[in-house]
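Undergrad: Provided herewith: start.txt, compact mmCIF, C-alpha atoms.
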# COMPACT_ATOMS: atom_id res chain seq x y z
CA MET P 27 1.05 17.10 -20.03
CA VAL P 28 2.69 14.37 -17.96
CA SER P 29 5.32 16.78 -16.68
CA LEU P 30 2.51 19.16 -15.67
CA PHE P 31 0.95 16.36 -13.61
CA SER P 32 4.34 15.54 -12.15
CA ILE P 33 4.94 19.13 -11.07
CA PHE P 34 1.46 19.29 -9.52
CA ILE P 35 1.94 16.05 -7.59
CA LEU P 36 5.48 16.97 -6.54
CA THR P 37 4.16 20.27 -5.18
CA LEU P 38 1.51 18.40 -3.21
CA LEU P 39 4.25 16.04 -2.01
CA LEU P 40 6.30 18.95 -0.71
CA ILE P 41 3.27 20.46 1.07
CA THR P 42 2.45 17.09 2.64
CA ALA P 43 6.05 16.59 3.79
CA LEU P 44 6.12 20.04 5.40
CA ALA P 45 2.76 19.37 7.06
CA ILE P 46 4.09 16.08 8.49
CA VAL P 47 7.08 17.88 9.95
CA GLN P 48 4.90 20.69 11.33
CA SER P 49 2.21 18.51 12.88
CA ARG P 50 2.60 17.80 16.57
CA ASN P 51 -0.41 15.49 16.50
CA LEU P 52 0.96 12.08 15.59
CA PHE P 53 -2.41 10.79 14.39
CA VAL P 54 -2.52 13.59 11.83
CA ALA P 55 1.09 12.84 10.88
CA VAL P 56 0.25 9.16 10.28
CA MET P 57 -2.68 10.07 8.03
CA LEU P 58 -0.53 12.58 6.13
CA SER P 59 2.21 10.00 5.62
CA GLY P 60 -0.42 7.73 4.05
CA ILE P 61 -1.28 10.57 1.66
CA PHE P 62 2.44 11.07 1.04
CA SER P 63 2.79 7.42 0.03
CA LEU P 64 -0.18 7.62 -2.33
CA LEU P 65 1.22 10.73 -3.99
CA ILE P 66 4.64 9.18 -4.45
CA ALA P 67 2.96 6.06 -5.86
CA ALA P 68 1.30 8.33 -8.43
CA ILE P 69 4.74 9.79 -9.29
CA PHE P 70 6.17 6.31 -9.74
CA PHE P 71 3.27 5.46 -12.00
CA LEU P 72 3.86 8.57 -14.10
CA LEU P 73 7.47 7.42 -14.45
CA ASP P 74 6.15 4.07 -15.82
CA ALA P 75 7.37 2.18 -12.75
CA ALA P 76 4.11 0.32 -12.17
CA ASP P 77 5.65 -2.42 -10.02
CA VAL P 78 7.15 0.07 -7.59
CA ALA P 79 3.96 2.14 -7.58
CA LEU P 80 1.94 -0.92 -6.62
CA THR P 81 4.36 -1.73 -3.81
CA GLU P 82 4.32 1.82 -2.50
CA ALA P 83 0.52 2.02 -2.57
CA ALA P 84 0.05 -1.36 -0.88
CA VAL P 85 2.79 -1.09 1.74
CA GLY P 86 3.22 2.64 2.26
CA ALA P 87 -0.37 3.82 2.12
CA GLY P 88 -2.04 0.62 3.31
CA ILE P 89 -0.13 -1.57 5.72
CA SER P 90 2.26 0.90 7.30
CA THR P 91 -0.61 3.25 8.16
CA VAL P 92 -2.28 0.40 10.06
CA LEU P 93 1.00 -0.50 11.77
CA PHE P 94 1.62 3.15 12.70
CA LEU P 95 -1.87 3.33 14.19
CA GLY P 96 -1.10 0.14 16.11
CA ALA P 97 2.07 1.76 17.44
CA LEU P 98 0.15 4.95 18.30
CA ALA P 99 -2.31 2.91 20.36
CA LEU P 100 0.67 1.91 22.53
CA THR P 101 2.12 5.40 22.90
CA ALA P 102 0.84 8.95 23.13
CA GLU P 103 -1.05 10.71 20.40
CA ARG P 104 0.81 13.97 20.72
CA GLU P 105 4.48 14.48 20.11
CA GLN P 106 6.55 15.98 22.88
CA GLU P 107 7.49 19.59 22.35
CA PRO P 108 11.02 19.53 21.02
CA PRO P 109 13.57 22.10 22.13
CA THR P 110 13.17 24.86 19.57
CA ASN P 111 16.66 26.31 19.42
CA ARG P 112 19.15 23.79 18.09
CA PRO P 113 21.80 25.44 15.90
CA VAL P 114 23.86 22.25 15.39
CA ALA P 115 20.84 20.41 13.99
CA LEU P 116 20.11 23.29 11.65
CA VAL P 117 23.70 23.32 10.35
CA VAL P 118 23.66 19.54 9.80
CA VAL P 119 20.34 19.67 7.95
CA VAL P 120 21.43 22.57 5.74
CA MET P 121 24.75 20.89 4.93
CA THR P 122 23.04 17.60 4.05
CA ALA P 123 20.52 19.41 1.87
CA LEU P 124 23.29 21.26 0.04
CA VAL P 125 25.20 18.01 -0.57
CA LEU P 126 22.05 16.34 -1.89
CA ILE P 127 21.22 19.27 -4.16
CA TYR P 128 24.82 19.28 -5.43
CA GLY P 129 24.43 15.55 -6.10
CA THR P 130 21.36 16.09 -8.27
CA LEU P 131 23.43 18.36 -10.55
CA GLY P 132 25.35 15.29 -11.72
CA THR P 133 22.34 13.15 -12.52
CA PRO P 134 21.30 12.81 -16.17
CA ARG P 135 18.04 14.25 -17.41
CA LEU P 136 14.91 12.11 -17.03
CA GLY P 137 14.69 9.68 -19.95
CA ASP P 138 18.10 10.64 -21.36
CA PRO P 139 19.00 7.78 -23.74
CA ASN P 140 22.73 8.31 -23.10
CA ALA P 141 22.42 8.02 -19.32
CA PRO P 142 24.59 5.26 -17.84
CA VAL P 143 21.52 3.41 -16.58
CA GLN P 144 20.22 3.12 -20.16
CA THR P 145 23.52 2.05 -21.72
CA HIS P 146 24.92 -0.43 -19.19
CA VAL P 147 22.91 -3.65 -18.74
CA SER P 148 19.34 -2.45 -19.42
CA PRO P 149 19.48 -3.03 -23.21
CA TRP P 150 20.81 -6.53 -22.61
CA TYR P 151 17.95 -7.27 -20.15
CA LEU P 152 15.34 -5.95 -22.57
CA GLU P 153 16.73 -7.81 -25.58
CA GLN P 154 17.64 -11.12 -23.96
CA THR P 155 14.72 -11.64 -21.54
CA PRO P 156 12.43 -13.10 -24.26
CA HIS P 157 15.25 -15.46 -25.23
CA TYR P 158 16.27 -16.64 -21.75
CA ILE P 159 13.12 -16.43 -19.64
CA ASP P 160 10.31 -15.59 -22.06
CA ILE P 161 8.07 -13.56 -19.77
CA PRO P 162 6.62 -10.16 -20.69
CA ASN P 163 7.36 -8.36 -17.42
CA VAL P 164 11.10 -7.69 -17.53
CA VAL P 165 10.97 -6.20 -14.02
CA THR P 166 10.05 -9.60 -12.59
CA ALA P 167 12.82 -11.23 -14.63
CA VAL P 168 15.41 -8.74 -13.35
CA LEU P 169 14.14 -8.96 -9.79
CA GLY P 170 13.79 -12.72 -9.58
CA SER P 171 16.43 -14.11 -11.89
CA TYR P 172 19.19 -11.72 -12.96
CA ARG P 173 19.29 -10.02 -9.57
CA GLY P 174 18.04 -13.03 -7.62
CA TYR P 175 20.71 -12.58 -4.93
CA ASP P 176 19.52 -9.04 -4.19
CA THR P 177 15.94 -10.19 -3.80
CA LEU P 178 17.06 -13.04 -1.57
CA GLY P 179 18.79 -10.41 0.51
CA GLU P 180 15.59 -8.34 0.65
CA VAL P 181 13.60 -11.36 1.81
CA PHE P 182 16.12 -11.93 4.58
CA VAL P 183 15.90 -8.26 5.55
CA VAL P 184 12.12 -8.67 5.87
CA LEU P 185 12.67 -11.90 7.80
CA THR P 186 15.15 -10.24 10.16
CA ALA P 187 12.85 -7.26 10.69
CA GLY P 188 9.98 -9.62 11.52
CA ILE P 189 12.12 -11.55 14.00
CA GLY P 190 13.26 -8.29 15.57
CA VAL P 191 9.71 -6.99 16.06
CA LEU P 192 8.60 -10.33 17.46
CA PHE P 193 11.48 -10.27 19.96
CA LEU P 194 10.56 -6.74 21.04
CA LEU P 195 6.78 -7.06 21.16
CA GLY P 196 6.11 -10.73 20.65
CA LYS P 197 5.00 -11.85 24.08
CA PRO P 198 1.36 -11.00 24.73
CA SER P 199 1.07 -8.74 27.74
CA PRO P 200 0.65 -10.64 31.02
CA ARG P 201 -2.28 -8.40 32.01
CA GLY P 202 -4.45 -10.13 29.44
CA SER P 203 -7.57 -9.38 31.44
CA ARG P 204 -9.82 -9.88 28.45
CA GLY P 205 -11.31 -13.36 28.55
CA PRO P 206 -10.83 -15.17 25.27
CA GLU P 207 -14.49 -15.99 24.65
CA SER P 208 -16.33 -12.88 25.85
CA SER P 209 -13.85 -10.56 24.17
CA ALA P 210 -14.18 -12.36 20.84
CA GLU P 211 -17.86 -11.42 20.84
CA ASP P 212 -17.24 -7.75 21.60
CA ALA P 213 -14.02 -7.22 19.73
CA GLY P 214 -13.62 -5.45 16.44
CA LEU P 215 -16.58 -3.85 14.73
CA ARG P 216 -18.93 -6.77 15.28
CA HIS P 217 -21.76 -4.51 16.39
CA TYR P 218 -21.43 -2.23 13.39
CA LEU P 219 -23.55 -3.82 10.75
CA ILE P 220 -22.66 -1.78 7.66
CA PRO P 221 -18.85 -1.84 7.83
CA ARG P 222 -18.98 -5.51 8.77
CA LEU P 223 -21.25 -6.52 5.89
CA VAL P 224 -19.36 -4.51 3.28
CA GLY P 225 -16.01 -5.65 4.65
CA ARG P 226 -17.02 -9.28 4.59
CA LEU P 227 -18.22 -8.80 1.02
CA LEU P 228 -14.90 -7.29 -0.05
CA ILE P 229 -12.43 -9.61 1.72
CA PRO P 230 -12.74 -12.51 -0.80
CA PHE P 231 -12.18 -10.11 -3.68
CA ILE P 232 -9.13 -8.58 -1.98
CA LEU P 233 -7.71 -12.07 -1.45
CA LEU P 234 -8.43 -12.96 -5.07
CA PHE P 235 -6.72 -9.78 -6.23
CA GLY P 236 -3.74 -10.61 -4.03
CA LEU P 237 -3.45 -14.05 -5.62
CA TYR P 238 -3.77 -12.44 -9.06
CA VAL P 239 -0.96 -10.00 -8.27
CA GLN P 240 1.11 -12.90 -6.94
CA PHE P 241 0.74 -15.34 -9.80
CA HIS P 242 0.28 -12.89 -12.65
CA GLY P 243 3.46 -11.03 -11.70
CA GLU P 244 5.33 -12.47 -14.67
CA TYR P 245 2.86 -10.89 -17.08
CA SER P 246 1.73 -7.67 -15.41
CA PRO P 247 2.95 -5.45 -12.58
CA GLY P 248 3.10 -7.32 -9.34
CA GLY P 249 4.87 -10.07 -7.52
CA GLY P 250 5.48 -11.48 -4.09
CA PHE P 251 6.08 -8.25 -2.18
CA GLN P 252 2.90 -6.55 -3.43
CA ALA P 253 0.78 -9.69 -3.14
CA GLY P 254 2.01 -10.34 0.39
CA ALA P 255 1.00 -6.82 1.42
CA ILE P 256 -2.45 -7.14 -0.21
CA ILE P 257 -3.21 -10.53 1.35
CA ALA P 258 -2.01 -9.29 4.74
CA ALA P 259 -4.29 -6.26 4.30
CA ALA P 260 -7.27 -8.54 3.70
CA ILE P 261 -6.55 -10.51 6.89
CA ILE P 262 -5.99 -7.29 8.86
CA LEU P 263 -9.35 -6.01 7.60
CA TYR P 264 -10.89 -9.24 8.87
CA ALA P 265 -9.16 -8.75 12.21
CA LEU P 266 -10.48 -5.18 12.49
CA LEU P 267 -14.02 -6.26 11.65
CA GLU P 268 -14.30 -9.48 13.60
CA GLY P 269 -11.75 -8.99 16.33
CA GLU P 270 -8.17 -10.16 16.53
CA ALA P 271 -9.05 -13.49 18.14
CA ARG P 272 -11.04 -14.65 15.15
CA ALA P 273 -8.28 -13.63 12.76
CA LEU P 274 -5.90 -15.73 14.85
CA LEU P 275 -8.26 -18.68 14.38
CA VAL P 276 -7.85 -18.29 10.61
CA LEU P 277 -4.07 -17.92 10.67
CA PRO P 278 -2.74 -18.89 14.12
CA ARG P 279 0.57 -17.61 15.43
CA TRP P 280 2.44 -20.85 14.87
CA LEU P 281 1.36 -20.84 11.23
CA LEU P 282 2.48 -17.23 10.80
CA THR P 283 5.86 -18.02 12.34
CA GLY P 284 6.10 -20.98 10.00
CA MET P 285 5.23 -18.75 7.05
CA ILE P 286 7.94 -16.23 7.99
CA ALA P 287 10.61 -18.91 8.03
CA GLY P 288 9.08 -21.10 5.34
CA GLY P 289 8.97 -18.45 2.64
CA ALA P 290 12.62 -17.52 3.09
CA LEU P 291 13.46 -21.23 3.28
CA LEU P 292 11.58 -21.88 0.03
CA TYR P 293 13.56 -19.12 -1.68
CA GLY P 294 16.89 -20.35 -0.38
CA GLY P 295 15.86 -23.96 -0.98
CA VAL P 296 15.27 -23.28 -4.67
CA GLY P 297 18.83 -21.95 -4.82
CA VAL P 298 20.21 -25.03 -3.08
CA VAL P 299 18.26 -27.36 -5.40
CA CYS P 300 19.82 -25.49 -8.34
CA LEU P 301 23.25 -26.17 -6.80
CA LEU P 302 22.46 -29.86 -6.33
CA LEU P 303 21.29 -30.16 -9.93
CA GLY P 304 24.67 -28.93 -11.09
CA GLY P 305 23.94 -25.25 -11.72
CA ASN P 306 24.91 -22.11 -9.88
CA PHE P 307 23.08 -20.89 -6.78
CA LEU P 308 19.69 -19.46 -7.90
CA ASP P 309 20.39 -20.40 -11.54
CA TYR P 310 16.92 -21.73 -12.32
CA SER P 311 17.76 -23.00 -15.81
CA VAL P 312 18.72 -26.42 -14.44
CA LEU P 313 15.37 -26.98 -12.71
CA MET P 314 13.76 -28.39 -15.86
CA SER P 315 15.15 -30.00 -18.98
CA ASP P 316 14.16 -26.85 -20.90
CA PRO P 317 16.15 -23.90 -19.47
CA VAL P 318 13.40 -21.38 -20.25
CA ALA P 319 10.75 -23.45 -18.47
CA GLY P 320 13.21 -23.93 -15.61
CA GLN P 321 13.59 -20.17 -15.27
CA GLN P 322 9.82 -19.72 -15.19
CA ILE P 323 9.33 -22.43 -12.55
CA GLY P 324 12.13 -20.91 -10.50
CA LEU P 325 10.57 -17.44 -10.67
CA LEU P 326 7.17 -18.80 -9.67
CA LEU P 327 8.66 -20.60 -6.66
CA ILE P 328 10.78 -17.73 -5.38
CA GLU P 329 7.92 -15.23 -5.85
CA ALA P 330 5.74 -17.58 -3.80
CA GLY P 331 8.46 -17.65 -1.15
CA VAL P 332 8.61 -13.84 -1.09
CA GLY P 333 4.81 -13.60 -0.83
CA ILE P 334 4.60 -16.11 2.02
CA THR P 335 7.33 -14.41 4.05
CA VAL P 336 5.93 -10.90 3.53
CA THR P 337 2.40 -11.98 4.50
CA GLY P 338 3.72 -13.78 7.57
CA VAL P 339 5.88 -10.88 8.74
CA LEU P 340 3.23 -8.20 8.24
CA LEU P 341 0.54 -10.20 10.02
CA SER P 342 2.90 -11.15 12.86
CA VAL P 343 3.85 -7.50 13.37
CA PHE P 344 0.17 -6.53 13.31
CA HIS P 345 -0.73 -9.18 15.90
CA ALA P 346 2.27 -8.21 18.01
CA PHE P 347 0.95 -4.64 18.18
CA ALA P 348 -2.64 -5.74 18.65
CA ALA P 349 -1.79 -8.06 21.52
CA ARG P 350 -0.25 -5.12 23.39
CA GLY P 351 -2.74 -2.38 22.67
CA GLU P 352 -6.46 -2.23 23.09
CA TYR P 353 -8.25 -2.13 19.81
CA MET M 4 -20.21 10.27 -33.50
CA ASP M 5 -16.75 10.49 -31.99
CA GLY M 6 -17.14 14.23 -31.64
CA LEU M 7 -20.44 13.79 -29.79
CA LEU M 8 -18.89 11.20 -27.48
CA ASP M 9 -16.01 13.56 -26.79
CA ILE M 10 -18.40 16.40 -25.93
CA VAL M 11 -20.48 14.23 -23.59
CA SER M 12 -17.36 12.82 -21.94
CA TRP M 13 -15.91 16.32 -21.58
CA LEU M 14 -19.17 17.49 -19.94
CA LEU M 15 -19.16 14.52 -17.54
CA LEU M 16 -15.50 15.03 -16.60
CA THR M 17 -15.98 18.75 -16.02
CA THR M 18 -19.12 18.40 -13.91
CA GLY M 19 -17.41 15.62 -11.96
CA GLY M 20 -14.45 17.87 -11.34
CA VAL M 21 -16.72 20.71 -10.27
CA PHE M 22 -18.47 18.43 -7.75
CA VAL M 23 -15.14 17.28 -6.33
CA PHE M 24 -14.07 20.92 -6.03
CA ILE M 25 -17.33 21.83 -4.27
CA GLY M 26 -16.79 18.90 -1.93
CA GLY M 27 -13.29 20.14 -1.17
CA VAL M 28 -14.47 23.68 -0.45
CA GLY M 29 -17.27 22.31 1.73
CA ALA M 30 -14.90 20.11 3.70
CA LEU M 31 -12.85 23.18 4.53
CA ARG M 32 -15.65 25.68 5.13
CA MET M 33 -18.41 23.73 6.88
CA PRO M 34 -18.79 24.43 10.61
CA ASN M 35 -18.54 21.00 12.24
CA LEU M 36 -17.50 17.42 11.63
CA TYR M 37 -20.79 16.03 10.37
CA THR M 38 -21.52 18.81 7.92
CA ARG M 39 -17.94 18.55 6.72
CA MET M 40 -18.39 14.84 6.13
CA HIS M 41 -21.58 15.61 4.25
CA ALA M 42 -19.61 17.91 1.95
CA ALA M 43 -16.70 15.52 1.62
CA SER M 44 -18.98 12.63 0.73
CA ILE M 45 -19.68 14.35 -2.59
CA THR M 46 -16.08 13.68 -3.54
CA ASP M 47 -16.56 9.93 -3.20
CA SER M 48 -20.07 9.57 -4.56
CA ILE M 49 -21.23 11.81 -7.40
CA GLY M 50 -17.72 13.04 -8.30
CA PRO M 51 -16.19 9.64 -9.17
CA ILE M 52 -19.43 8.48 -10.82
CA LEU M 53 -19.30 11.34 -13.31
CA ILE M 54 -15.53 11.26 -13.79
CA ILE M 55 -15.37 7.50 -14.33
CA ALA M 56 -18.37 7.67 -16.67
CA GLY M 57 -16.49 10.31 -18.66
CA VAL M 58 -13.33 8.19 -18.78
CA MET M 59 -15.43 5.17 -19.80
CA LEU M 60 -16.74 7.08 -22.81
CA GLN M 61 -13.13 7.82 -23.75
CA ALA M 62 -12.16 4.16 -23.35
CA GLY M 63 -14.86 2.77 -25.66
CA PHE M 64 -15.85 -0.90 -25.69
CA THR M 65 -12.53 -2.34 -24.51
CA LEU M 66 -11.20 -4.19 -21.48
CA PRO M 67 -10.44 -0.96 -19.56
CA ILE M 68 -14.18 -0.22 -19.42
CA VAL M 69 -14.67 -3.36 -17.30
CA LYS M 70 -11.81 -2.35 -15.03
CA LEU M 71 -13.28 1.16 -14.67
CA ALA M 72 -16.66 -0.34 -13.82
CA ALA M 73 -15.00 -2.51 -11.17
CA ILE M 74 -13.24 0.54 -9.70
CA LEU M 75 -16.54 2.47 -9.66
CA LEU M 76 -18.34 -0.41 -7.93
CA PHE M 77 -15.53 -0.63 -5.38
CA LEU M 78 -15.71 3.13 -4.70
CA LEU M 79 -19.49 3.07 -4.40
CA LEU M 80 -19.27 0.25 -1.86
CA THR M 81 -16.37 1.54 0.23
CA GLY M 82 -16.98 5.31 0.22
CA PRO M 83 -20.33 5.34 2.01
CA THR M 84 -19.14 2.56 4.32
CA ALA M 85 -16.11 4.59 5.33
CA SER M 86 -18.34 7.64 5.91
CA ASN M 87 -20.65 5.53 8.05
CA ALA M 88 -17.73 4.13 10.08
CA LEU M 89 -16.26 7.61 10.52
CA ALA M 90 -19.58 9.11 11.64
CA SER M 91 -20.29 6.36 14.14
CA ALA M 92 -16.72 6.57 15.45
CA ALA M 93 -17.14 10.33 15.91
CA LEU M 94 -20.47 9.84 17.67
CA LEU M 95 -18.89 7.20 19.91
CA ALA M 96 -16.01 9.55 20.71
CA GLY M 97 -18.55 12.12 21.91
CA THR M 98 -18.70 14.60 19.05
CA LYS M 99 -22.24 15.90 19.18
CA PRO M 100 -24.08 16.70 15.96
CA GLY M 101 -25.23 20.28 15.64
CA GLY M 102 -23.58 23.38 16.96
CA SER M 103 -21.54 25.74 14.90
CA LYS M 104 -18.12 25.45 16.45
CA THR M 105 -15.51 22.84 15.67
CA PRO M 106 -15.08 20.84 18.88
CA ALA M 107 -11.79 21.10 20.70
CA GLY M 108 -9.07 18.68 19.75
CA GLU M 109 -10.31 18.27 16.21
CA ASP M 110 -8.29 20.37 13.89
Starting from the file, give its structure as structure tokens.

TA:
Amino acid sequence: MVSLFSIFILTLLLITALAIVQSRNLFVAVMLSGIFSLLIAAIFFLLDAADVALTEAAVGAGISTVLFLGALALTAEREQEPPTNRPVALVVVVMTALVLIYGTLGTPRLGDPNAPVQTHVSPWYLEQTPHYIDIPNVVTAVLGSYRGYDTLGEVFVVLTAGIGVLFLLGKPSPRGSRGPESSAEDAGLRHYLIPRLVGRLLIPFILLFGLYVQFHGEYSPGGGFQAGAIIAAAIILYALLEGEARALLVLPRWLLTGMIAGGALLYGGVGVVCLLLGGNFLDYSVLMSDPVAGQQIGLLLIEAGVGITVTGVLLSVFHAFAARGEY
Amino acid sequence: MDGLLDIVSWLLLTTGGVFVFIGGVGALRMPNLYTRMHAASITDSIGPILIIAGVMLQAGFTLPIVKLAAILLFLLLTGPTASNALASAALLAGTKPGGSKTPAGED
């Protein structure tokens, strides 16, 4: 039954991908890529990867659609007609596809118990996590503790991407003809009663859900990356409803910049504190007298750092686009 | 008792699915934007109500029933709001109601 669902969704995925390639209208392509992300989130969920599914749904279908629309507001809606006859490109694409298909021949079957991924470190993680960290969600344990360096690297990738976008788009356009006060009254959907009322009703619940995903990540799917995307989505919704200026009153630019740096700093700082307390870098066991409690405190702190940085970067990128375009 | 619940839940799921299908056909076949939205709105009003009610009967009195109710409430709040926002955006962009042809640029 599950494989039937998978085949159905994979077929839809293929159709959506072809439609994205075919579409010359970039607005349509953005909407289709949102659908693509939702479908692939469903696939992840069918594969029991709930954490990844949550990330894909929040970031891929939610935030990146908004950011794409922000980018579209700055450029044209229609793609330029590409030159149709490009034999070299065709050869490269076909070769790459053949290599990739050849690569899939070597992969083990889905769920094969003898696959290398099942026999290497996974059994150790599953057996020893209750002993060392004592949290139900092993994914969070792997992500935050066993592979803490990788996640630190990911946070710095997000940080670097945020800095890059701010360098490219950060300065508000000099032709800021919109007066700050009058525009705040007209901006957003302030004159549209129904979306505004319903949106205002939902924002607290979205924020609450974001905090739940953040701080319940040790027990259920979730964590800093997902929570950061959800909280950023709530603020972006507020910005769309009430105008960007009011959203900047809630979380001003200097605070967002501080969040970008502060989250990464918190993560790295936890590692340095571990060093100072006589442990290894990002070895949380030394944080408390009880190693298990130390691991849990460490995970909580670094997940908070991840969430703060992701929220800050996503909102900064959104504001960078919004300050340039007109919406 | 369980058999009866299964039958009722099966009926709800099937009718819900039929409504979603009708909505999909309508969204493809209707002549212009507003009638299409009218058809598509079935898929986020009556369709989910029936389907989630059917799933609720399958879940029984457990925690998932609360989660399903929360999802249903969320859908019932956001679906019509999104339709409203879309319709007013279309009106603002100059798509006139009425007429049988799909306006240019909307494909």

Undergrad: Just the number, please: distance in Å from atom CA of Ile328 of chain P to atom CA of Gln144 of chain P, one decimal.

TA: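 Computing the Euclidean distance for atom CA of Ile328 of chain P and atom CA of Gln144 of chain P yields 27.2 Å.
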
Undergrad: Provide the atom CA of Gly249 of chain P to atom CA of Val164 of chain P distance in Å, to one decimal place.

TA: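 For atom CA of Gly249 of chain P relative to atom CA of Val164 of chain P, the distance reads 12.0 Å.
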
Undergrad: Any idea which chain M residues end up within 10 Å of chain P if we count only C-alpha atoms, as a VMD selection string please?

TA: chain M and resid 77 80 to 81 83 to 88 91 108 110

Undergrad: When you draw a straight line from atom CA of Val47 of chain P to atom CA of Thr91 of chain P, how long is it in Å?

TA: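 Atom-to-atom, atom CA of Val47 of chain P to atom CA of Thr91 of chain P, that is 16.6 Å.
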
Undergrad: Ranking P:Ile69, P:Leu277, P:Leu267, P:Leu327 by minimum distance to Val299 of chain P and counting all atoms listed in the file, which one comes first?

TA: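 Of the candidates, the smallest distance to Val299 of chain P is held by P:Leu327.
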
Undergrad: Smallest atom-to-atom distance to Ser90 of chain P: which of P:Ile33, P:Ala287, P:Met57, P:Phe71, using only C-alpha atoms?

TA: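 For Ser90 of chain P, the nearest of the given residues is P:Met57.
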
Undergrad: What are the centre and edge lengths in Å, to one decimal, of the axis-aligned box around all listed atoms of segment 59-69 of chain M with 5 Å added on each side, as lines of an AutoDock Vina configuration file?

TA:
center_x = -13.6
center_y = 1.8
center_z = -21.5
size_x = 16.3
size_y = 22.0
size_z = 18.4

Undergrad: List the spatial neighbours of Ala259 of chain P as a list in words - criterion: any atom at most 9 Å away, all atoms listed in the file, same-chain residues fewer than 3 positions off excluded.

TA: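 Surrounding residues, per the criterion: Ala84, Gly88, Ile89, Ile232, Leu233, Gly254, Ala255, Ile256, Ile262, Leu263, Tyr264, Thr337, Leu340 and Leu341 of chain P.
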
Undergrad: Counting all atoms listed in the file, what is within 12 Å of Gly6 of chain M, bar same-chain residues fewer than 4 positions away, as a count of residues only?

TA: 6

Undergrad: List as a list in words the protein and nucleic acid residues near Ile49 of chain M, meaning an atom at most 12 Å away when only C-alpha atoms are counted, but skip any in the same chain fewer than 4 places from it.

TA: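 Answer for this query is Leu15, Leu16, Thr18, Gly19, Gly20, Val21, Phe22, Val23, Phe24, Ile25, Gly26, Ala42, Ala43, Ser44, Ile45, Leu53, Ile54, Ile55, Ala56, Leu75, Leu78, Leu79, Gly82 and Pro83 of chain M.
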
Undergrad: Next, write the just-selected residues to a file, as a compact mmCIF listing (two decimals), in the frame of the given file, keeping C-alpha atoms as the atom set.

TA:
# COMPACT_ATOMS: atom_id res chain seq x y z
CA LEU M 15 -19.16 14.52 -17.54
CA LEU M 16 -15.50 15.03 -16.60
CA THR M 18 -19.12 18.40 -13.91
CA GLY M 19 -17.41 15.62 -11.96
CA GLY M 20 -14.45 17.87 -11.34
CA VAL M 21 -16.72 20.71 -10.27
CA PHE M 22 -18.47 18.43 -7.75
CA VAL M 23 -15.14 17.28 -6.33
CA PHE M 24 -14.07 20.92 -6.03
CA ILE M 25 -17.33 21.83 -4.27
CA GLY M 26 -16.79 18.90 -1.93
CA ALA M 42 -19.61 17.91 1.95
CA ALA M 43 -16.70 15.52 1.62
CA SER M 44 -18.98 12.63 0.73
CA ILE M 45 -19.68 14.35 -2.59
CA LEU M 53 -19.30 11.34 -13.31
CA ILE M 54 -15.53 11.26 -13.79
CA ILE M 55 -15.37 7.50 -14.33
CA ALA M 56 -18.37 7.67 -16.67
CA LEU M 75 -16.54 2.47 -9.66
CA LEU M 78 -15.71 3.13 -4.70
CA LEU M 79 -19.49 3.07 -4.40
CA GLY M 82 -16.98 5.31 0.22
CA PRO M 83 -20.33 5.34 2.01

Undergrad: Give me, as a list in words, all polymer residues having an atom no more than 6 Å from segment 95-106 of chain P, counting all atoms listed in the file and skipping those fewer than 6 positions away in the same chain.

TA: Arg50, Asn51, Leu52, Phe347 and Gly351 of chain P

Undergrad: Can you pull out the residues contacting Pro247 of chain P? Cut-off 9 Å, using all atoms listed in the file, and skip same-chain residues under 4 positions away; I want them as an NGL selection string.

TA: :P and (75-78 or 80 or 163 or 165-166 or 239 or 242-243)

Undergrad: Between P:Leu72, P:Leu194, P:Ile334, P:Leu65, which residue has the minimum interatomic distance to Gln240 of chain P, considering all atoms listed in the file?

TA: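 Closest to Gln240 of chain P of all the choices is P:Ile334.
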